[in-house]
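File shown: query.cif. Contents: mmCIF, C-alpha atoms (C1' of nucleotides).
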```
data_structure
loop_
_atom_site.label_atom_id
_atom_site.label_comp_id
_atom_site.auth_asym_id
_atom_site.auth_seq_id
_atom_site.Cartn_x
_atom_site.Cartn_y
_atom_site.Cartn_z
CA MET A 152 -32.08 14.28 20.99
CA ARG A 153 -31.72 16.39 17.90
CA PRO A 154 -29.46 15.47 15.03
CA PRO A 155 -26.11 17.22 15.16
CA ALA A 156 -26.06 20.74 13.75
CA THR A 157 -22.37 21.07 14.35
CA SER A 158 -20.46 17.91 15.08
CA LEU A 159 -19.80 18.88 18.69
CA GLU A 160 -23.42 18.70 19.82
CA TRP A 161 -23.85 14.97 19.69
CA GLY A 162 -21.03 12.58 20.23
CA MET A 163 -21.61 9.13 21.54
CA PRO A 164 -18.73 6.71 21.07
CA ARG A 165 -18.35 4.85 17.82
CA SER A 166 -20.28 1.59 17.79
CA TYR A 167 -22.09 2.58 20.98
CA MET A 168 -25.09 1.14 19.22
CA ARG A 169 -23.44 -2.28 19.13
CA THR A 170 -22.55 -2.04 22.80
CA CYS A 171 -26.15 -1.17 23.71
CA LEU A 172 -27.56 -4.02 21.64
CA LEU A 173 -25.15 -6.53 23.16
CA LEU A 174 -26.10 -5.39 26.64
CA LEU A 175 -29.83 -5.64 25.91
CA LEU A 176 -29.31 -9.11 24.46
CA LEU A 177 -27.43 -10.11 27.61
CA GLU A 178 -30.71 -9.57 29.42
CA GLY A 179 -32.39 -12.06 27.12
CA PRO A 180 -33.09 -12.83 23.44
CA SER A 181 -35.10 -10.25 21.57
CA HIS A 182 -35.84 -8.95 18.08
CA GLY A 183 -34.98 -5.76 16.21
CA TYR A 184 -38.19 -3.86 16.64
CA GLU A 185 -38.25 -4.39 20.40
CA LEU A 186 -34.54 -3.62 20.74
CA LEU A 187 -35.18 -0.39 18.89
CA GLN A 188 -37.63 0.76 21.58
CA GLU A 189 -35.29 -0.31 24.38
CA VAL A 190 -32.23 1.30 22.86
CA ARG A 191 -34.17 4.55 22.72
CA LEU A 192 -34.69 4.35 26.47
CA LEU A 193 -31.00 3.66 26.95
CA GLY A 194 -29.78 7.08 25.91
CA LEU A 195 -30.08 6.86 22.17
CA ASP A 196 -33.35 8.80 22.16
CA SER A 197 -33.53 9.15 18.42
CA ALA A 198 -31.84 5.92 17.39
CA ASP A 199 -32.25 5.12 13.73
CA ALA A 200 -34.28 1.97 12.99
CA GLY A 201 -32.17 1.19 9.95
CA GLY A 202 -29.07 1.40 12.10
CA VAL A 203 -30.45 -1.11 14.59
CA TYR A 204 -31.24 -3.67 11.91
CA ARG A 205 -27.92 -3.09 10.19
CA SER A 206 -25.99 -3.49 13.45
CA LEU A 207 -27.82 -6.71 14.26
CA ARG A 208 -27.08 -8.16 10.84
CA ALA A 209 -23.42 -7.13 11.14
CA MET A 210 -23.15 -8.71 14.59
CA ALA A 211 -24.80 -11.87 13.28
CA HIS A 212 -22.22 -11.91 10.49
CA ASP A 213 -19.47 -11.52 13.11
CA GLU A 214 -21.12 -14.35 15.09
CA LEU A 215 -21.63 -12.21 18.17
CA VAL A 216 -25.30 -13.15 17.95
CA THR A 217 -27.31 -15.92 16.36
CA ALA A 218 -30.65 -15.29 14.71
CA TRP A 219 -33.74 -17.14 13.53
CA TRP A 220 -37.20 -16.30 12.28
CA GLU A 221 -40.12 -16.58 14.65
CA PRO A 222 -43.78 -16.06 13.77
CA SER A 223 -45.66 -13.41 15.74
CA GLU A 224 -49.32 -13.62 16.73
CA LEU A 225 -49.79 -9.90 16.26
CA GLY A 226 -47.88 -8.93 13.12
CA PRO A 227 -45.23 -10.06 10.67
CA ALA A 228 -42.61 -12.64 11.58
CA ARG A 229 -39.75 -11.52 13.77
CA ARG A 230 -36.06 -12.20 13.55
CA THR A 231 -35.04 -13.20 17.06
CA TYR A 232 -31.47 -12.63 18.20
CA LEU A 233 -29.53 -14.47 20.90
CA LEU A 234 -26.15 -13.58 22.33
CA THR A 235 -23.36 -16.07 21.60
CA ASP A 236 -20.35 -16.78 23.81
CA ALA A 237 -18.26 -14.63 21.46
CA GLY A 238 -20.86 -11.90 21.83
CA ARG A 239 -20.67 -12.14 25.59
CA GLU A 240 -16.90 -11.71 25.39
CA ALA A 241 -17.27 -8.81 22.97
CA LEU A 242 -19.63 -7.19 25.46
CA ASP A 243 -17.02 -7.50 28.21
CA VAL A 244 -14.53 -5.77 25.94
CA ALA A 245 -17.08 -3.12 24.99
CA VAL A 246 -17.91 -2.39 28.64
CA GLU A 247 -14.22 -2.05 29.49
CA THR A 248 -13.90 0.34 26.58
CA ALA A 249 -16.89 2.27 27.86
CA GLN A 250 -15.31 2.55 31.31
CA ARG A 251 -12.03 3.80 29.88
CA THR A 252 -13.90 6.28 27.72
CA ALA A 253 -15.98 7.53 30.63
CA ARG A 254 -12.86 8.04 32.73
CA GLN A 255 -11.17 9.99 29.96
CA LEU A 256 -14.23 12.16 29.51
CA ASP A 257 -14.23 12.82 33.26
CA ALA A 258 -10.55 13.79 33.07
CA LEU A 259 -11.28 16.17 30.23
CA ILE A 260 -14.18 17.72 32.11
CA ASP A 261 -12.07 18.08 35.27
CA ARG A 262 -9.38 19.81 33.26
CA PHE A 263 -11.97 22.16 31.77
CA ASP A 264 -13.29 22.93 35.25
CA ASP A 265 -9.74 23.59 36.46
CA VAL A 266 -9.05 26.03 33.65
CA THR A 267 -12.34 27.88 34.04
CA GLY A 268 -12.26 27.75 37.84
CA ARG A 269 -15.68 26.15 37.75
CA PRO A 270 -16.34 23.78 40.66
CA THR A 271 -18.08 20.48 40.10
CA MET B 242 -3.44 2.23 22.66
CA ARG B 243 -3.66 -0.21 19.80
CA PRO B 244 -5.63 0.44 16.66
CA PRO B 245 -9.05 -1.19 16.72
CA ALA B 246 -9.12 -4.89 15.86
CA THR B 247 -12.86 -5.07 16.16
CA SER B 248 -14.81 -1.87 16.38
CA LEU B 249 -15.72 -2.39 20.02
CA GLU B 250 -12.19 -2.06 21.36
CA TRP B 251 -11.68 1.60 20.69
CA GLY B 252 -14.54 4.02 20.87
CA MET B 253 -14.01 7.60 21.78
CA PRO B 254 -16.86 9.95 20.92
CA ARG B 255 -17.10 11.42 17.47
CA SER B 256 -15.15 14.63 17.18
CA TYR B 257 -13.50 14.05 20.55
CA MET B 258 -10.42 15.32 18.77
CA ARG B 259 -12.06 18.69 18.23
CA THR B 260 -13.12 18.87 21.86
CA CYS B 261 -9.57 18.12 23.04
CA LEU B 262 -8.06 20.72 20.74
CA LEU B 263 -10.53 23.39 21.82
CA LEU B 264 -9.76 22.65 25.47
CA LEU B 265 -6.01 22.81 24.90
CA LEU B 266 -6.42 26.10 23.05
CA LEU B 267 -8.46 27.45 25.95
CA GLU B 268 -5.27 27.13 27.98
CA GLY B 269 -3.48 29.36 25.49
CA PRO B 270 -2.57 29.69 21.81
CA SER B 271 -0.51 26.91 20.33
CA HIS B 272 0.41 25.22 17.07
CA GLY B 273 -0.36 21.84 15.51
CA TYR B 274 2.80 19.97 16.34
CA GLU B 275 2.69 20.94 20.00
CA LEU B 276 -1.02 20.23 20.21
CA LEU B 277 -0.32 16.79 18.79
CA GLN B 278 1.96 15.96 21.73
CA GLU B 279 -0.50 17.36 24.27
CA VAL B 280 -3.48 15.61 22.79
CA ARG B 281 -1.57 12.35 23.12
CA LEU B 282 -1.25 12.97 26.84
CA LEU B 283 -4.95 13.72 27.05
CA GLY B 284 -6.15 10.22 26.35
CA LEU B 285 -5.66 9.99 22.62
CA ASP B 286 -2.40 8.06 23.03
CA SER B 287 -2.03 7.25 19.36
CA ALA B 288 -3.61 10.34 17.87
CA ASP B 289 -2.97 10.74 14.16
CA ALA B 290 -0.91 13.79 13.16
CA GLY B 291 -2.86 14.21 9.95
CA GLY B 292 -6.07 14.23 11.95
CA VAL B 293 -4.82 17.01 14.21
CA TYR B 294 -3.90 19.25 11.30
CA ARG B 295 -7.13 18.45 9.53
CA SER B 296 -9.22 19.24 12.61
CA LEU B 297 -7.41 22.53 13.15
CA ARG B 298 -7.98 23.59 9.54
CA ALA B 299 -11.64 22.59 9.76
CA MET B 300 -12.09 24.56 12.97
CA ALA B 301 -10.36 27.57 11.40
CA HIS B 302 -12.81 27.25 8.51
CA ASP B 303 -15.67 27.18 11.02
CA GLU B 304 -14.12 30.23 12.73
CA LEU B 305 -13.78 28.43 16.06
CA VAL B 306 -10.09 29.36 15.94
CA THR B 307 -7.99 31.95 14.14
CA ALA B 308 -4.57 31.13 12.76
CA TRP B 309 -1.44 32.85 11.53
CA TRP B 310 2.08 31.87 10.56
CA GLU B 311 4.87 32.45 12.98
CA PRO B 312 8.57 31.83 12.36
CA SER B 313 10.34 29.41 14.69
CA GLU B 314 13.96 29.76 15.79
CA LEU B 315 14.44 26.02 15.77
CA GLY B 316 12.72 24.66 12.67
CA PRO B 317 10.15 25.48 10.01
CA ALA B 318 7.48 28.16 10.50
CA ARG B 319 4.53 27.27 12.68
CA ARG B 320 0.87 27.92 12.23
CA THR B 321 -0.30 29.32 15.54
CA TYR B 322 -3.94 28.89 16.56
CA LEU B 323 -6.01 31.03 18.91
CA LEU B 324 -9.46 30.28 20.27
CA THR B 325 -12.20 32.68 19.11
CA ASP B 326 -15.33 33.63 21.06
CA ALA B 327 -17.28 31.23 18.86
CA GLY B 328 -14.71 28.57 19.67
CA ARG B 329 -15.11 29.22 23.36
CA GLU B 330 -18.87 28.78 23.02
CA ALA B 331 -18.36 25.62 20.98
CA LEU B 332 -16.15 24.29 23.75
CA ASP B 333 -18.90 24.92 26.31
CA VAL B 334 -21.27 22.92 24.13
CA ALA B 335 -18.68 20.19 23.63
CA VAL B 336 -18.06 19.89 27.38
CA GLU B 337 -21.79 19.64 28.08
CA THR B 338 -21.96 16.93 25.43
CA ALA B 339 -19.04 15.16 27.09
CA GLN B 340 -20.81 15.29 30.47
CA ARG B 341 -24.00 13.87 29.01
CA THR B 342 -22.03 11.17 27.23
CA ALA B 343 -20.11 10.26 30.39
CA ARG B 344 -23.36 9.99 32.36
CA GLN B 345 -24.89 7.71 29.74
CA LEU B 346 -21.82 5.54 29.70
CA ASP B 347 -22.01 5.30 33.49
CA ALA B 348 -25.67 4.29 33.22
CA LEU B 349 -24.81 1.62 30.71
CA ILE B 350 -22.00 0.30 32.91
CA ASP B 351 -24.27 0.28 35.96
CA ARG B 352 -26.84 -1.68 34.03
CA PHE B 353 -24.21 -4.16 32.95
CA ASP B 354 -23.07 -4.52 36.56
CA ASP B 355 -26.67 -5.05 37.66
CA VAL B 356 -27.21 -7.81 35.13
CA THR B 357 -23.96 -9.57 35.88
CA GLY B 358 -24.21 -9.01 39.62
CA ARG B 359 -20.79 -7.43 39.55
CA PRO B 360 -20.29 -4.70 42.15
CA THR B 361 -18.55 -1.43 41.34
"C1'" DC C 70 -63.57 -3.58 0.67
"C1'" DC C 71 -60.50 0.15 1.44
"C1'" DG C 72 -57.50 3.15 3.98
"C1'" DT C 73 -54.84 3.79 8.01
"C1'" DT C 74 -51.98 2.45 11.67
"C1'" DC C 75 -48.99 -0.58 14.06
"C1'" DT C 76 -45.66 -4.13 13.80
"C1'" DA C 77 -41.45 -5.81 11.63
"C1'" DG C 78 -37.52 -5.80 8.70
"C1'" DA C 79 -34.63 -3.91 5.25
"C1'" DT C 80 -32.00 -1.09 1.51
"C1'" DG C 81 -29.82 3.19 -0.98
"C1'" DT C 82 -27.18 6.81 -0.58
"C1'" DA C 83 -24.57 10.60 1.03
"C1'" DG C 84 -21.60 12.60 4.33
"C1'" DG C 85 -18.41 13.06 8.29
"C1'" DG C 86 -14.55 11.25 10.89
"C1'" DT C 87 -10.65 8.34 11.24
"C1'" DG C 88 -6.48 5.34 10.28
"C1'" DC C 89 -2.74 4.67 7.50
"C1'" DA C 90 0.55 5.78 4.27
"C1'" DC C 91 3.00 9.10 2.20
"C1'" DC C 92 5.00 13.74 0.98
"C1'" DT C 93 7.36 18.56 1.48
"C1'" DA C 94 10.59 21.42 3.80
"C1'" DG C 95 13.61 23.99 7.35
"C1'" DG C 96 17.30 23.42 10.50
"C1'" DC C 97 20.93 20.97 13.03
"C1'" DG C 98 24.53 17.58 14.23
"C1'" DG C 99 27.79 14.08 12.76
"C1'" DC D 15 25.97 14.72 2.58
"C1'" DC D 16 22.96 12.05 5.47
"C1'" DG D 17 19.87 11.31 9.07
"C1'" DC D 18 16.86 13.14 12.43
"C1'" DC D 19 13.74 16.35 14.56
"C1'" DT D 20 10.45 19.89 13.83
"C1'" DA D 21 6.38 21.32 11.30
"C1'" DG D 22 2.61 21.02 8.19
"C1'" DG D 23 0.09 18.69 4.94
"C1'" DT D 24 -2.52 15.31 1.23
"C1'" DG D 25 -4.80 11.00 -0.68
"C1'" DC D 26 -7.45 7.25 -0.01
"C1'" DA D 27 -10.24 3.77 1.86
"C1'" DC D 28 -13.07 2.39 5.37
"C1'" DC D 29 -16.54 2.62 9.00
"C1'" DC D 30 -20.50 4.42 10.97
"C1'" DT D 31 -24.33 7.13 10.84
"C1'" DA D 32 -28.41 9.96 9.29
"C1'" DC D 33 -32.14 10.26 6.44
"C1'" DA D 34 -35.27 8.74 3.17
"C1'" DT D 35 -37.71 5.17 1.28
"C1'" DC D 36 -39.63 0.47 0.63
"C1'" DT D 37 -42.09 -4.11 1.51
"C1'" DA D 38 -45.43 -6.58 3.96
"C1'" DG D 39 -48.55 -8.85 7.63
"C1'" DA D 40 -52.25 -7.86 10.78
"C1'" DA D 41 -55.91 -5.17 12.96
"C1'" DC D 42 -59.38 -1.69 13.13
"C1'" DG D 43 -62.74 1.68 11.49
"C1'" DG D 44 -65.80 3.41 8.07
#
```
Take the structure from the file and write it as structure tokens.
Amino acid sequence: MRPPATSLEWGMPRSYMRTCLLLLLLEGPSHGYELLQEVRLLGLDSADAGGVYRSLRAMAHDELVTAWWEPSELGPARRTYLLTDAGREALDVAVETAQRTARQLDALIDRFDDVTGRPT
Amino acid sequence: MRPPATSLEWGMPRSYMRTCLLLLLLEGPSHGYELLQEVRLLGLDSADAGGVYRSLRAMAHDELVTAWWEPSELGPARRTYLLTDAGREALDVAVETAQRTARQLDALIDRFDDVTGRPT
DNA sequence: CCGTTCTAGATGTAGGGTGCACCTAGGCGG
DNA sequence: CCGCCTAGGTGCACCCTACATCTAGAACGG
């Protein structure tokens, strides 16, 4: 999706990027470049590559993931990331947050529909 | 709700504040202090007063709302805000954004449930 | 051999939004 | 006079993000 012209056109939750990465890493270890493609299929169509790498480094620093270098047969070496127990717990928290957020968005939308008389 | 300890514990969409204020103003003109109370009932439990006033001023600057001073019988003068046509259109956009966001959050949660085998 | 493209990772910088602390000021009750 | 409620506001630091730019290995074509 397009970058925000006004701030109301694009508003995923803060650190949604981290939540997505943790979820993808729950499905198995991976590296930044691959996660970038996957994250783009997970709603963040135009996710920033720099942001992915930065998030991964930050999460490694917070010990939500561990990382090591792995050579690749078809390109430069990769930095492979693996979810830690702390990361797994952080993901649980993040998913609960996401659920709460989704419910509040639904409430807001319902209220809008009530005011405008628009049925869902 | 508590302030964020780690960034994954509290993640409403960017500019959710603006969306809430526009919705509340759709229900009728109001002023900052009152909007602050209402916004706190609309999910943003611990909304920051400064943030409310700042958002309102910013939206007035963007001509999404118009504002004028009105004396109050029981306290200092109030700055009353009214939604403009542009503001109404911005709200439509914001609500569509909220719907898209909610759907993506649901997708993420579903995926998490799939991976963990947890039923909804 | 050189240029291009794909893979892979990373930094620099600016800007918006938020959280927290703090400030001004009117009006009212004790 | 003091404290509290109403009402509006500023300053500052931090976080996250968007965008541009950079390095570098490997493969493929000319």
>> One decimal, in Å: what's the spacing between atom CA of B:Gly292 and atom CA of B:His272?
In response: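 Between atom CA of B:Gly292 and atom CA of B:His272 the gap is 13.7 Å.
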>> When the PyMOL selection byres ((chain B and resi 308-319) around 8) is applied to the structure above, which residues does it catch, written out as a PyMOL selection string?
In response: (chain B and resi 272-273+301+306-307+320-323) or (chain C and resi 94-96) or (chain D and resi 20-22)
> Separation of atom CA of A:Val190 and atom CA of B:Arg344, in Å?
Replying inline: 15.6 Å
Enumerate, in order of chain and increasing residue number, the residues of chain B with an atom no farther than 8 Å from chain A, each with its shortest atom pair and distance in Å to one decimal, counting only C-alpha atoms, as JSON lines.
```
{"residue": "B:Ser248", "atom": "CA", "partner": "A:Ser166", "partner_atom": "CA", "distance": 6.6}
{"residue": "B:Leu249", "atom": "CA", "partner": "A:Ala245", "partner_atom": "CA", "distance": 5.2}
{"residue": "B:Glu250", "atom": "CA", "partner": "A:Thr248", "partner_atom": "CA", "distance": 6.0}
{"residue": "B:Trp251", "atom": "CA", "partner": "A:Thr248", "partner_atom": "CA", "distance": 6.4}
{"residue": "B:Gly252", "atom": "CA", "partner": "A:Arg165", "partner_atom": "CA", "distance": 5.0}
{"residue": "B:Met253", "atom": "CA", "partner": "A:Pro164", "partner_atom": "CA", "distance": 4.9}
{"residue": "B:Pro254", "atom": "CA", "partner": "A:Pro164", "partner_atom": "CA", "distance": 3.7}
{"residue": "B:Arg255", "atom": "CA", "partner": "A:Gly162", "partner_atom": "CA", "distance": 4.9}
{"residue": "B:Ser256", "atom": "CA", "partner": "A:Leu159", "partner_atom": "CA", "distance": 6.5}
{"residue": "B:Tyr257", "atom": "CA", "partner": "A:Gly162", "partner_atom": "CA", "distance": 7.7}
{"residue": "B:Arg259", "atom": "CA", "partner": "A:Leu159", "partner_atom": "CA", "distance": 7.8}
{"residue": "B:Thr260", "atom": "CA", "partner": "A:Leu159", "partner_atom": "CA", "distance": 7.4}
{"residue": "B:Cys261", "atom": "CA", "partner": "A:Leu259", "partner_atom": "CA", "distance": 7.6}
{"residue": "B:Leu264", "atom": "CA", "partner": "A:Phe263", "partner_atom": "CA", "distance": 6.7}
{"residue": "B:Leu267", "atom": "CA", "partner": "A:Val266", "partner_atom": "CA", "distance": 7.9}
{"residue": "B:Glu268", "atom": "CA", "partner": "A:Val266", "partner_atom": "CA", "distance": 6.9}
{"residue": "B:Leu283", "atom": "CA", "partner": "A:Leu259", "partner_atom": "CA", "distance": 7.5}
{"residue": "B:Gly284", "atom": "CA", "partner": "A:Gln255", "partner_atom": "CA", "distance": 6.2}
{"residue": "B:Ala331", "atom": "CA", "partner": "A:Leu159", "partner_atom": "CA", "distance": 7.3}
{"residue": "B:Val334", "atom": "CA", "partner": "A:Glu160", "partner_atom": "CA", "distance": 6.4}
{"residue": "B:Ala335", "atom": "CA", "partner": "A:Leu159", "partner_atom": "CA", "distance": 5.2}
{"residue": "B:Val336", "atom": "CA", "partner": "A:Ile260", "partner_atom": "CA", "distance": 6.5}
{"residue": "B:Thr338", "atom": "CA", "partner": "A:Glu160", "partner_atom": "CA", "distance": 6.1}
{"residue": "B:Ala339", "atom": "CA", "partner": "A:Leu256", "partner_atom": "CA", "distance": 6.2}
{"residue": "B:Gln340", "atom": "CA", "partner": "A:Ile260", "partner_atom": "CA", "distance": 7.2}
{"residue": "B:Thr342", "atom": "CA", "partner": "A:Met163", "partner_atom": "CA", "distance": 6.1}
{"residue": "B:Ala343", "atom": "CA", "partner": "A:Ala253", "partner_atom": "CA", "distance": 5.0}
{"residue": "B:Arg344", "atom": "CA", "partner": "A:Ala253", "partner_atom": "CA", "distance": 8.0}
{"residue": "B:Gln345", "atom": "CA", "partner": "A:Gly194", "partner_atom": "CA", "distance": 6.2}
{"residue": "B:Leu346", "atom": "CA", "partner": "A:Ala249", "partner_atom": "CA", "distance": 6.2}
{"residue": "B:Asp347", "atom": "CA", "partner": "A:Ala253", "partner_atom": "CA", "distance": 7.0}
{"residue": "B:Leu349", "atom": "CA", "partner": "A:Leu193", "partner_atom": "CA", "distance": 7.5}
{"residue": "B:Ile350", "atom": "CA", "partner": "A:Val246", "partner_atom": "CA", "distance": 6.5}
{"residue": "B:Phe353", "atom": "CA", "partner": "A:Leu174", "partner_atom": "CA", "distance": 6.7}
{"residue": "B:Val356", "atom": "CA", "partner": "A:Glu178", "partner_atom": "CA", "distance": 6.9}
```
> How many Å lie between atom CA of B:Met300 and atom C1' of D:DG23, rounded to one decimal?
Replying inline: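 Computed distance, atom CA of B:Met300 to atom C1' of D:DG23, equals 15.7 Å.
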>> If the PyMOL selection byres ((chain D and resi 24-27) around 12) were run on this exact file, what residues would it hold? Put them as JSON, numbers by chain.
In response: {"B": [291, 292, 294, 295], "C": [87, 88, 89, 90, 91, 92, 93], "D": [22, 23, 28, 29]}
